[in-house]
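K.L.:
Handing you a structure now.
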Amino acid sequence: MQKLKLHNTLTRNTEEFIPIELGKVRMYCCGPTVYNYQHIGNLRTFFFEDILKRVLLYNGFQVKHVMNITDVGHLVSDDDVGKDKMEEGAKREGKTVWEISEYYTKVYKRDAELMNILPPDIYCKATDYIKEQIDMVKCLEEKGYTYKTSDGVYFDSSKFANYVDLAKLDIEGMQEGKRISFSEEKKNKTDFALWKFSPKDEKRQMEWDSPWGIGFPGWHIECSAMSKKFLGNHYDIHCGGVDHISIHHTNEIAQSESCNEEKFVNYWMHGEWLIEEKGKMSKSKGEFITLQTLIDDGYSAMHYRYFLLNAHYRKKLKFSYDGMDAAKSGYGNLKNRILRLKEEIKNDRSSVDENKIKNYKEKFFDSINDDLNVTEGISVLWDTIKDKDLSPKEKLELSYDFDKVLGLELERLVIQKEEYIIPEGIIKLAKERKEAKANKDFKLADKIREEIKRKGYQITDTKEGVKINPI
Ligand code: AMP
Ligand code: ZN
């Protein structure tokens, strides 16, 4: 069977995954910035990380998974001079930063739960670990990596020899302002803030005392400091969206490796964007789609999960309502098939033939171990369900097993006939039957009922109206 292979951004290669400690994986994922709702693009990244975690668990690894909640220091622009997104969010809503942080964290956790994203073992909020962040800046200062400007303490990126490695940055060729704008006092374009001073003319809601003056941490230091606390200096996997490669993760590596004097992370993994007609889905564009928007439009979180399963995490995925309709109908069909199998096994005393299911298990395993190819995994699931040589019990056993990775809640599905998705064609026929009955053409009405039956649905007249169920 295929060994687990993952694409490592650091080497740009798909490599066999070998953990630092036998059988155990320590993994850190950059979490949400809680100044607003997470849009469905953000959720795509958290979904990719969920698939990664599930594949690791499926391979038998014990996983320690840490995710941060960014509630301070993430500035509107990446050049260390913009406003803090949290303070801006609070102003927009006329609330305190602490209130919006609590609210959007709660909504994120609800969305993740609805999407069946496994929670991390540890959620850590940046403002709970200010001391750890200050300690790390002190460590960098003692080792000579920092300098002070009028607005903060900065990391001197020219002192870290491997600065360009992750993003393959071409520092010489970088146009000023292309990656980050170059503020007067910075020594190098790529230097970044470790600690920012509170503005003299403005009282911030979030600020702390530090050896350098009252202020707040730069965004990148929280991930270096908190991952060190919970996972140690050197761990296995660190992930986020592709937009983190050139700045956030590059800066994390610089801070951690300079302070700890050892390798930080073995595998860097990044999820590609969800895009719209106009390009990347992003909050700064004002209007964006949340999971709740989709729910209000008649889709469920599982429909969105099924939609996401149709693309590899390293490919851009274009969001469209046509695509969502296809996912809704695809998931509906899957659900109907699983519910029917659940009915069929009720009186089935046969046992599962391990030899018959082995091939499918191997195929599924090989797909997901090939850098998380869940799209192929879904095809294996459908092949299993459609295979006439497998018994309902065998089909269900395989489906539940694959669902440990796909996370489509197949085992949890219960028979609630109203939940069946009735195809449009059947609904149209039922309407025609209703018209025939209203015209007292009972012969035609019966004929339509038979046609509906041939297509696998039963139509029943009840006091509350017409009910349609799959047979
Ligand atoms: P944020 O809350 O802005 O810190 O973003 C949370 C996560 O979503 C980060 O890992 C981002 O890289 C990721 N992200 C942002 N926009 C998108 C997008 N359009 N598609 C996929 N992931 C995204
Ligand atoms: Zn981070």
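If you're wondering about the labels, chains in the structure tokens are A, B, ... by order shown, residues count from 1 in each chain, ligands from 1 in order shown.
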Neighbours of ligand 1 within 7 Å, counting only C-alpha atoms and all ligand atoms, as a list in words?
P.N.:
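The distance check yields Cys30, Gly31, Pro32, Thr33, Val34, Gln38, Gly41, Asn42, Leu43, Arg44, Thr45, Gly240, Gly241, Val242, Asp243, His244, Gly271, Glu272, Trp273, Leu274, Ile275, Lys280, Met281 and Ser282 of chain A.
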K.L.:
Hey, which residues sit close to ligand 2? Say within 9 Å, counting only C-alpha atoms and all ligand atoms, and write them as a count of residues only.
P.N.:
20
K.L.:
From the list A:Ser391, A:Ser329, A:Asn469, A:Asn116, which residue is nearest Glu344 in chain A when using only C-alpha atoms?
P.N.:
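Result for the nearest residue to Glu344 in chain A: A:Ser391.
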K.L.:
Find the residues around Lys358 in chain A up to 12 Å (only C-alpha atoms counted), leave out those fewer than 5 positions away in its own chain, and share them as JSON, numbers by chain.
P.N.:
{"A": [1, 352, 353, 363, 364, 365, 384, 390, 394, 395, 397, 398, 401]}
K.L.:
What does the distance from CA of Glu261 in chain A to CA of Lys228 in chain A come to in Å, to one decimal?
P.N.:
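Going from CA of Glu261 in chain A over to CA of Lys228 in chain A, I get 12.6 Å.
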K.L.:
Closest to Gln133 in chain A among A:Val153, A:Met226, A:Ile69, A:Leu317, using only C-alpha atoms?
P.N.:
A:Met226
K.L.:
Which residues are close to Arg54 in chain A, i.e. within 7 Å by only C-alpha atoms, leaving aside same-chain residues fewer than 4 positions away? Reply as a ChimeraX atom specification.
P.N.:
/A:50,58,404-405
K.L.:
Go through A:Leu10, A:Val63, A:Ala225, A:Leu341 one by one, measure the shortest atom-to-atom distance of each to Asp165 in chain A using only C-alpha atoms, and give the residue with the smallest value.
P.N.:
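With only C-alpha atoms as the atom set, the closest residue is A:Leu10.
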K.L.:
Could you check how far CA of His312 in chain A sits from CA of Ile40 in chain A, in Å to one decimal?
P.N.:
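Separating CA of His312 in chain A from CA of Ile40 in chain A is a distance of 16.1 Å.
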K.L.:
Excluding range 298-306 of chain A and any residue of its chain fewer than 6 positions from it, enumerate the residues within 9 Å of it, using only C-alpha atoms, and give them as an MDAnalysis selection string.
P.N.:
chainID A and resid 40 44 47 111 114:116 291:292 324:325 327:332 406:409
K.L.:
Deliver the residues from the most recent selection as a file, using C-alpha atoms, as a PDB file, in the first residue's frame.
P.N.:
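Output saved as part.pdb:
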ATOM      1  CA  ILE A  40     -16.248  30.278   2.755  1.00  0.00           C
ATOM      2  CA  ARG A  44     -11.786  25.986   2.529  1.00  0.00           C
ATOM      3  CA  PHE A  47     -11.394  22.077   5.603  1.00  0.00           C
ATOM      4  CA  ASP A 111     -19.226  26.868  11.410  1.00  0.00           C
ATOM      5  CA  LEU A 114     -21.368  22.268  11.199  1.00  0.00           C
ATOM      6  CA  MET A 115     -18.804  21.410   8.553  1.00  0.00           C
ATOM      7  CA  ASN A 116     -17.696  18.431  10.625  1.00  0.00           C
ATOM      8  CA  LEU A 291     -21.531  29.500   5.620  1.00  0.00           C
ATOM      9  CA  GLN A 292     -24.677  31.156   6.975  1.00  0.00           C
ATOM     10  CA  MET A 324     -23.282  24.209  -5.165  1.00  0.00           C
ATOM     11  CA  ASP A 325     -26.430  22.871  -6.861  1.00  0.00           C
ATOM     12  CA  ALA A 327     -22.960  19.296  -4.845  1.00  0.00           C
ATOM     13  CA  LYS A 328     -26.400  19.452  -3.239  1.00  0.00           C
ATOM     14  CA  SER A 329     -27.789  16.946  -5.681  1.00  0.00           C
ATOM     15  CA  GLY A 330     -24.644  14.740  -5.487  1.00  0.00           C
ATOM     16  CA  TYR A 331     -24.764  14.670  -1.690  1.00  0.00           C
ATOM     17  CA  GLY A 332     -28.524  14.075  -1.804  1.00  0.00           C
ATOM     18  CA  LEU A 406     -14.288  12.362   3.969  1.00  0.00           C
ATOM     19  CA  GLY A 407     -16.302  13.468   7.020  1.00  0.00           C
ATOM     20  CA  LEU A 408     -19.708  13.420   5.316  1.00  0.00           C
ATOM     21  CA  GLU A 409     -21.511  12.183   8.438  1.00  0.00           C
TER      22      GLU A 409
END
K.L.:
Counting only C-alpha atoms, which of A:Val66, A:Gln255, A:Asn336, A:Lys200 gets nearest to Phe160 in chain A?
P.N.:
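Once distances to Phe160 in chain A are computed over only C-alpha atoms, the minimum belongs to A:Gln255.
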